[in-house]
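The structure appears below as structure tokens.
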Amino acid sequence: MFNALILDKSPEFGASVRELDDSYLPEGDVMIDVEYSTLNYKDALAITNSAPVVRKWPMVAGIDGSGTVVASSSPRWKPGDEVVLNGFGAGEAHQGCLAQKARVKSEWLIRRPSRFTARQAMAIGTAGYTAMLCVLALERHGVKAEDGEVLVTGATGGVGSTAVALLSALGYRVVAATGKASEAPYLRLLGAASIMDRAELAAPGKPLQDERWAAAVDAVGSHTLVNACAQTRYGGVVAACGLAQGLDFPATVLPFILRGVSLAGIDSVMAPLALREQAWARLARDLDPVKLDVITTEVPLTEVIDEARQLMDGKVKGRIVVRLRV
């Protein structure tokens, strides 16, 4: 038997922590004892039924998990291996990792970098791994630290917090956009050089604006993403990975055809294994584990539903790690 956070719709939506037996687990060639999971924005959307994230009911929530292999019919993994799962439909179409056990496909797993504990891996989670994918996209487009300021929107969120920490550690001058002025000390501790009010980006703006950013990491979408593109310098790049403000993109083509701005879409869910391994290797190299302590709050599984509501209300900063075992 094991505990799990179950989302059901029969016919009314409900979320609860329940005890299950192993027969509830789906098909897969690797069984994991999950030590820690995490609460991402997508998890909160699912747990609060705020968006159609879940595609199969009932569903164990949780798109991330970190733990130890206890059984495997795959030659890639053996009992005792320490692994991480991010995405691949977990918590959406495949039973997820806000549970003490998970059965998954072997090709979804990567080996947990030795620099990180299971808890630290989930302090990173999909949000931090996505932030690293954004950094890699900026590097592929040739953005260097000396090129100018880099904007990070949604800066107190999971993606934003990790992006600020990563970019500043790599020598970039980071401008953190947030609606939480009281969190300026937190953002400066992560490495932000300056703070701006997200209201400057959140409303409709001109198609082309003063050139400000060498690059941007946007986890917000909608008008914020449009304005980030309109303010990016000639030849710059904007990495888009979120939709906290909305999934619309009410823009013109002018930044792209008059300034050569590139819009790099970042998908973490189905990213190929080689890119995932590259991102996690870079996280192990470039992300200071001490910064993870700054951005992380730990809660037990029983408190996740309340935390999800708080996240949707904009009352959570940084990362929420979920402890699954006593």
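Ligands are numbered from 1 in the order shown, chains are lettered A, B, ... in the order of the structure tokens, and residues start at 1 in each chain.
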Residues within 10 Å of region 267-277 of chain A, please, as an NGL selection string. Count only C-alpha atoms; anything in the same chain fewer than 3 positions from it doesn't count. :A and (63 or 86-90 or 107-113 or 126-127 or 129-134 or 136 or 240-242 or 264 or 280-283)
Given only C-alpha atoms, how would the per-residue table for region 198-307 of chain A near region 182-186 of chain A read, listing every residue at most 12 Å away with its closest atom pair and distance in Å to one decimal, sorted by chain and number, as a tab-separated table?
```
residue	atom	partner	partner_atom	distance
A:Lys291	CA	A:Tyr186	CA	10.6
A:Asp293	CA	A:Tyr186	CA	11.8
A:Val294	CA	A:Tyr186	CA	8.0
A:Ile295	CA	A:Tyr186	CA	8.4
A:Thr296	CA	A:Tyr186	CA	11.7
```
So how many Å separate CA of Val217 (chain A) and CA of Arg285 (chain A), to one decimal?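 Between these atoms lies a distance of 20.2 Å.
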Could you produce a table of the residues of region 87-198 of chain A lying within 12 Å of region 34-49 of chain A, with the nearest pair of atoms per residue and their separation in Å rounded to one decimal, using only C-alpha atoms, ordered by chain and increasing residue number, as CSV?
```
residue,atom,partner,partner_atom,distance
A:Gly87,CA,A:Lys42,CA,10.3
A:Gly89,CA,A:Lys42,CA,11.4
A:Ala90,CA,A:Asp43,CA,10.3
A:Gly91,CA,A:Asp43,CA,7.7
A:Glu92,CA,A:Ala46,CA,8.3
A:Ala93,CA,A:Ala46,CA,11.8
A:Gly96,CA,A:Ser37,CA,9.6
A:Cys97,CA,A:Ser37,CA,6.3
A:Leu98,CA,A:Ser37,CA,5.8
A:Ala99,CA,A:Val34,CA,6.8
A:Gln100,CA,A:Val34,CA,5.0
A:Lys101,CA,A:Val34,CA,5.4
A:Ala102,CA,A:Val34,CA,6.8
A:Arg103,CA,A:Val34,CA,10.0
A:Val104,CA,A:Val34,CA,11.5
A:Thr117,CA,A:Tyr36,CA,9.9
A:Ala118,CA,A:Tyr36,CA,6.4
A:Arg119,CA,A:Tyr36,CA,5.8
A:Gln120,CA,A:Tyr36,CA,9.1
A:Ala121,CA,A:Tyr36,CA,8.5
A:Met122,CA,A:Thr38,CA,5.7
A:Ala123,CA,A:Thr38,CA,7.1
A:Ile124,CA,A:Thr38,CA,8.7
A:Gly125,CA,A:Thr38,CA,6.7
A:Thr126,CA,A:Asn40,CA,7.1
A:Ala127,CA,A:Asn40,CA,6.6
A:Gly128,CA,A:Asn40,CA,9.9
A:Tyr129,CA,A:Asn40,CA,11.5
A:Thr130,CA,A:Asn40,CA,11.1
A:Gly154,CA,A:Tyr41,CA,11.7
A:Gly157,CA,A:Tyr41,CA,8.7
A:Gly158,CA,A:Asn40,CA,7.3
A:Val159,CA,A:Asn40,CA,9.1
A:Gly160,CA,A:Tyr41,CA,11.8
```
If you keep N, CA and C atoms, can you produce a file of those selected residues as a compact mmCIF listing (two decimals), in the first residue's frame?
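Output below, filename again03.txt:
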```txt
# COMPACT_ATOMS: atom_id res chain seq x y z
N GLY A 87 8.08 15.11 -16.55
CA GLY A 87 7.16 15.18 -17.67
C GLY A 87 6.85 13.86 -18.32
N GLY A 89 4.21 13.16 -19.80
CA GLY A 89 2.80 12.85 -19.60
C GLY A 89 2.46 12.36 -18.21
N ALA A 90 3.46 12.23 -17.32
CA ALA A 90 3.16 11.86 -15.94
C ALA A 90 2.26 12.92 -15.32
N GLY A 91 1.25 12.49 -14.60
CA GLY A 91 0.30 13.41 -14.00
C GLY A 91 -0.70 13.99 -14.97
N GLU A 92 -0.60 13.60 -16.23
CA GLU A 92 -1.53 14.06 -17.26
C GLU A 92 -2.23 12.88 -17.93
N ALA A 93 -1.46 12.01 -18.59
CA ALA A 93 -2.00 10.83 -19.25
C ALA A 93 -1.49 9.53 -18.60
N GLY A 96 1.02 9.82 -12.03
CA GLY A 96 2.16 10.66 -11.73
C GLY A 96 2.89 10.32 -10.45
N CYS A 97 3.67 11.30 -9.98
CA CYS A 97 4.66 11.06 -8.93
C CYS A 97 4.37 11.78 -7.61
N LEU A 98 3.19 12.36 -7.43
CA LEU A 98 2.81 12.81 -6.10
C LEU A 98 2.25 11.59 -5.37
N ALA A 99 3.13 10.62 -5.21
CA ALA A 99 2.79 9.31 -4.67
C ALA A 99 4.08 8.66 -4.18
N GLN A 100 3.94 7.72 -3.25
CA GLN A 100 5.12 7.08 -2.70
C GLN A 100 5.69 6.02 -3.64
N LYS A 101 4.92 5.61 -4.66
CA LYS A 101 5.40 4.65 -5.65
C LYS A 101 4.98 5.12 -7.04
N ALA A 102 5.78 4.76 -8.03
CA ALA A 102 5.42 5.03 -9.42
C ALA A 102 5.98 3.91 -10.29
N ARG A 103 5.19 3.54 -11.31
CA ARG A 103 5.68 2.59 -12.32
C ARG A 103 5.69 3.33 -13.65
N VAL A 104 6.86 3.40 -14.29
CA VAL A 104 7.03 4.25 -15.46
C VAL A 104 7.82 3.52 -16.54
N THR A 117 20.96 15.76 -4.06
CA THR A 117 20.15 14.77 -3.35
C THR A 117 18.80 14.65 -4.04
N ALA A 118 18.01 13.66 -3.64
CA ALA A 118 16.67 13.51 -4.20
C ALA A 118 15.83 14.76 -3.93
N ARG A 119 15.99 15.34 -2.76
CA ARG A 119 15.26 16.55 -2.41
C ARG A 119 15.69 17.71 -3.29
N GLN A 120 16.99 17.87 -3.48
CA GLN A 120 17.49 18.97 -4.31
C GLN A 120 17.06 18.82 -5.77
N ALA A 121 17.01 17.57 -6.23
CA ALA A 121 16.55 17.34 -7.60
C ALA A 121 15.12 17.82 -7.79
N MET A 122 14.31 17.69 -6.76
CA MET A 122 12.93 18.17 -6.86
C MET A 122 12.80 19.65 -6.52
N ALA A 123 13.78 20.21 -5.82
CA ALA A 123 13.84 21.67 -5.70
C ALA A 123 14.07 22.29 -7.08
N ILE A 124 14.74 21.55 -7.94
CA ILE A 124 14.90 21.95 -9.33
C ILE A 124 13.63 21.60 -10.11
N GLY A 125 13.33 20.30 -10.20
CA GLY A 125 12.11 19.84 -10.84
C GLY A 125 11.97 20.33 -12.28
N THR A 126 10.76 20.19 -12.82
CA THR A 126 10.50 20.64 -14.18
C THR A 126 10.74 22.14 -14.32
N ALA A 127 10.40 22.91 -13.29
CA ALA A 127 10.59 24.37 -13.39
C ALA A 127 12.06 24.72 -13.59
N GLY A 128 12.94 24.14 -12.77
CA GLY A 128 14.36 24.45 -12.89
C GLY A 128 14.98 23.87 -14.14
N TYR A 129 14.55 22.66 -14.50
CA TYR A 129 15.03 22.04 -15.74
C TYR A 129 14.58 22.87 -16.95
N THR A 130 13.36 23.42 -16.91
CA THR A 130 12.89 24.30 -17.97
C THR A 130 13.73 25.57 -18.04
N GLY A 154 8.13 36.79 -14.49
CA GLY A 154 7.66 35.83 -13.49
C GLY A 154 8.78 35.41 -12.57
N GLY A 157 8.60 33.06 -9.47
CA GLY A 157 8.09 31.71 -9.67
C GLY A 157 9.21 30.69 -9.76
N GLY A 158 8.83 29.43 -9.98
CA GLY A 158 9.83 28.37 -10.01
C GLY A 158 10.80 28.49 -11.17
N VAL A 159 10.27 28.70 -12.38
CA VAL A 159 11.15 28.88 -13.53
C VAL A 159 11.97 30.16 -13.37
N GLY A 160 11.28 31.25 -13.03
CA GLY A 160 11.95 32.54 -12.92
C GLY A 160 13.05 32.56 -11.88
```
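The coordinates place CA of Val238 (chain A) at 13.7 Å from CA of Ala251 (chain A).
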Using only C-alpha atoms, can you tell me which of A:Thr252, A:Ser262, A:Gln310, A:Thr162 comes closest to Pro204 (chain A)?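 Once distances to Pro204 (chain A) are computed over only C-alpha atoms, the minimum belongs to A:Thr252.
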Env of region 169-181 of chain A: 7 Å cut, atoms = only C-alpha atoms, seq-sep filter 2 positions within chain, self excluded. Answer as a short mmCIF file (atom, residue, chain, number, x, y, z; two decimals) with C-alpha atoms, in the first residue's frame.
```
data_model
loop_
_atom_site.label_atom_id
_atom_site.label_comp_id
_atom_site.auth_asym_id
_atom_site.auth_seq_id
_atom_site.Cartn_x
_atom_site.Cartn_y
_atom_site.Cartn_z
CA ALA A 145 27.10 37.96 -20.81
CA GLY A 148 23.61 43.43 -22.26
CA GLU A 149 20.81 42.91 -19.79
CA VAL A 150 18.67 39.76 -19.78
CA LEU A 151 15.04 40.05 -18.71
CA VAL A 152 13.42 37.31 -16.63
CA THR A 153 9.65 37.55 -16.22
CA GLY A 154 7.66 35.83 -13.49
CA ALA A 155 10.88 36.07 -11.55
CA THR A 156 9.64 34.85 -8.17
CA VAL A 164 17.73 34.32 -12.22
CA ALA A 165 20.12 32.12 -10.21
CA LEU A 166 21.52 30.38 -13.30
CA LEU A 167 21.97 33.46 -15.47
CA GLU A 183 10.43 40.08 -2.75
CA ALA A 184 13.19 42.31 -4.12
CA ALA A 192 19.25 39.81 -9.88
CA ALA A 193 21.04 43.06 -10.69
CA SER A 194 17.82 45.06 -10.73
CA ILE A 195 14.07 44.65 -10.25
CA MET A 196 11.23 45.97 -12.39
CA ASP A 197 7.48 46.04 -11.83
CA ARG A 198 5.72 43.48 -13.99
CA ASP A 286 26.15 25.80 -12.90
#
```
Which residue is closest to Leu324 (chain A)? Choose from A:Val253, A:Val17, A:Ala284, A:Val30 and count only C-alpha atoms.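 Comparing A:Val253, A:Val17, A:Ala284, A:Val30 against Leu324 (chain A), the winner is A:Val17.
Nearest to Val70 (chain A) of all the residues A:Ala239, A:Arg212, A:Glu82, A:Glu27 is A:Glu82, based on only C-alpha atoms.
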Could you go through region 6-232 of chain A and tell me which residues DSSP, when run on the backbone, assigns to strand (DSSP E), listing them as a ChimeraX atom specification? /A:6-9,13-20,30-39,59-60,64-72,82-86,101-104,109-111,150-152,174-178,194-197,213-218,232
Write out as a ChimeraX atom specification all residues of region 72-238 of chain A that DSSP puts in helix (DSSP H, G or I) for this structure's backbone. /A:106-108,118-140,145-147,158-169,181-190,199-202,222-231
Could you write out that same residue set with C-alpha atoms as a compact mmCIF listing (two decimals), in the first residue's frame?
```txt
# COMPACT_ATOMS: atom_id res chain seq x y z
CA SER A 106 12.49 3.20 -18.57
CA GLU A 107 13.17 5.67 -21.40
CA TRP A 108 11.54 8.47 -19.39
CA ALA A 118 16.67 13.51 -4.20
CA ARG A 119 15.26 16.55 -2.41
CA GLN A 120 17.49 18.97 -4.31
CA ALA A 121 16.55 17.34 -7.60
CA MET A 122 12.93 18.17 -6.86
CA ALA A 123 13.84 21.67 -5.70
CA ILE A 124 14.90 21.95 -9.33
CA GLY A 125 12.11 19.84 -10.84
CA THR A 126 10.50 20.64 -14.18
CA ALA A 127 10.59 24.37 -13.39
CA GLY A 128 14.36 24.45 -12.89
CA TYR A 129 15.03 22.04 -15.74
CA THR A 130 12.89 24.30 -17.97
CA ALA A 131 14.91 27.32 -16.85
CA MET A 132 18.08 25.49 -17.91
CA LEU A 133 16.52 24.69 -21.31
CA CYS A 134 15.90 28.43 -21.68
CA VAL A 135 19.53 29.22 -20.85
CA LEU A 136 20.69 26.65 -23.38
CA ALA A 137 18.46 28.28 -26.01
CA LEU A 138 20.01 31.69 -25.31
CA GLU A 139 23.48 30.18 -25.65
CA ARG A 140 22.59 28.46 -28.94
CA ALA A 145 27.10 37.96 -20.81
CA GLU A 146 28.70 41.11 -22.21
CA ASP A 147 25.87 41.64 -24.74
CA GLY A 158 9.83 28.37 -10.01
CA VAL A 159 11.15 28.88 -13.53
CA GLY A 160 11.95 32.54 -12.92
CA SER A 161 13.78 32.00 -9.63
CA THR A 162 15.99 29.31 -11.11
CA ALA A 163 16.60 31.33 -14.28
CA VAL A 164 17.73 34.32 -12.22
CA ALA A 165 20.12 32.12 -10.21
CA LEU A 166 21.52 30.38 -13.30
CA LEU A 167 21.97 33.46 -15.47
CA SER A 168 23.58 35.51 -12.73
CA ALA A 169 25.96 32.65 -11.93
CA ALA A 181 7.95 44.39 -4.72
CA SER A 182 8.45 42.97 -1.22
CA GLU A 183 10.43 40.08 -2.75
CA ALA A 184 13.19 42.31 -4.12
CA PRO A 185 15.66 41.15 -1.41
CA TYR A 186 14.91 37.51 -2.35
CA LEU A 187 15.58 38.19 -6.04
CA ARG A 188 18.79 40.09 -5.30
CA LEU A 189 19.95 37.21 -3.13
CA LEU A 190 19.47 34.93 -6.15
CA ALA A 199 3.02 46.09 -14.64
CA GLU A 200 5.46 47.73 -17.08
CA LEU A 201 5.11 44.65 -19.28
CA ALA A 202 1.62 43.36 -18.56
CA SER A 222 0.33 37.10 -23.41
CA HIS A 223 1.11 40.84 -23.38
CA THR A 224 4.21 40.30 -21.23
CA LEU A 225 5.78 38.11 -23.90
CA VAL A 226 4.72 40.53 -26.64
CA ASN A 227 6.35 43.47 -24.84
CA ALA A 228 9.49 41.46 -24.11
CA CYS A 229 9.83 40.80 -27.85
CA ALA A 230 9.10 44.44 -28.71
CA GLN A 231 11.86 45.60 -26.32
```
When you count only C-alpha atoms, which of these residues is closest to Ile6 (chain A): A:Ile266, A:Val322, A:Leu301, A:Val261? A:Leu301
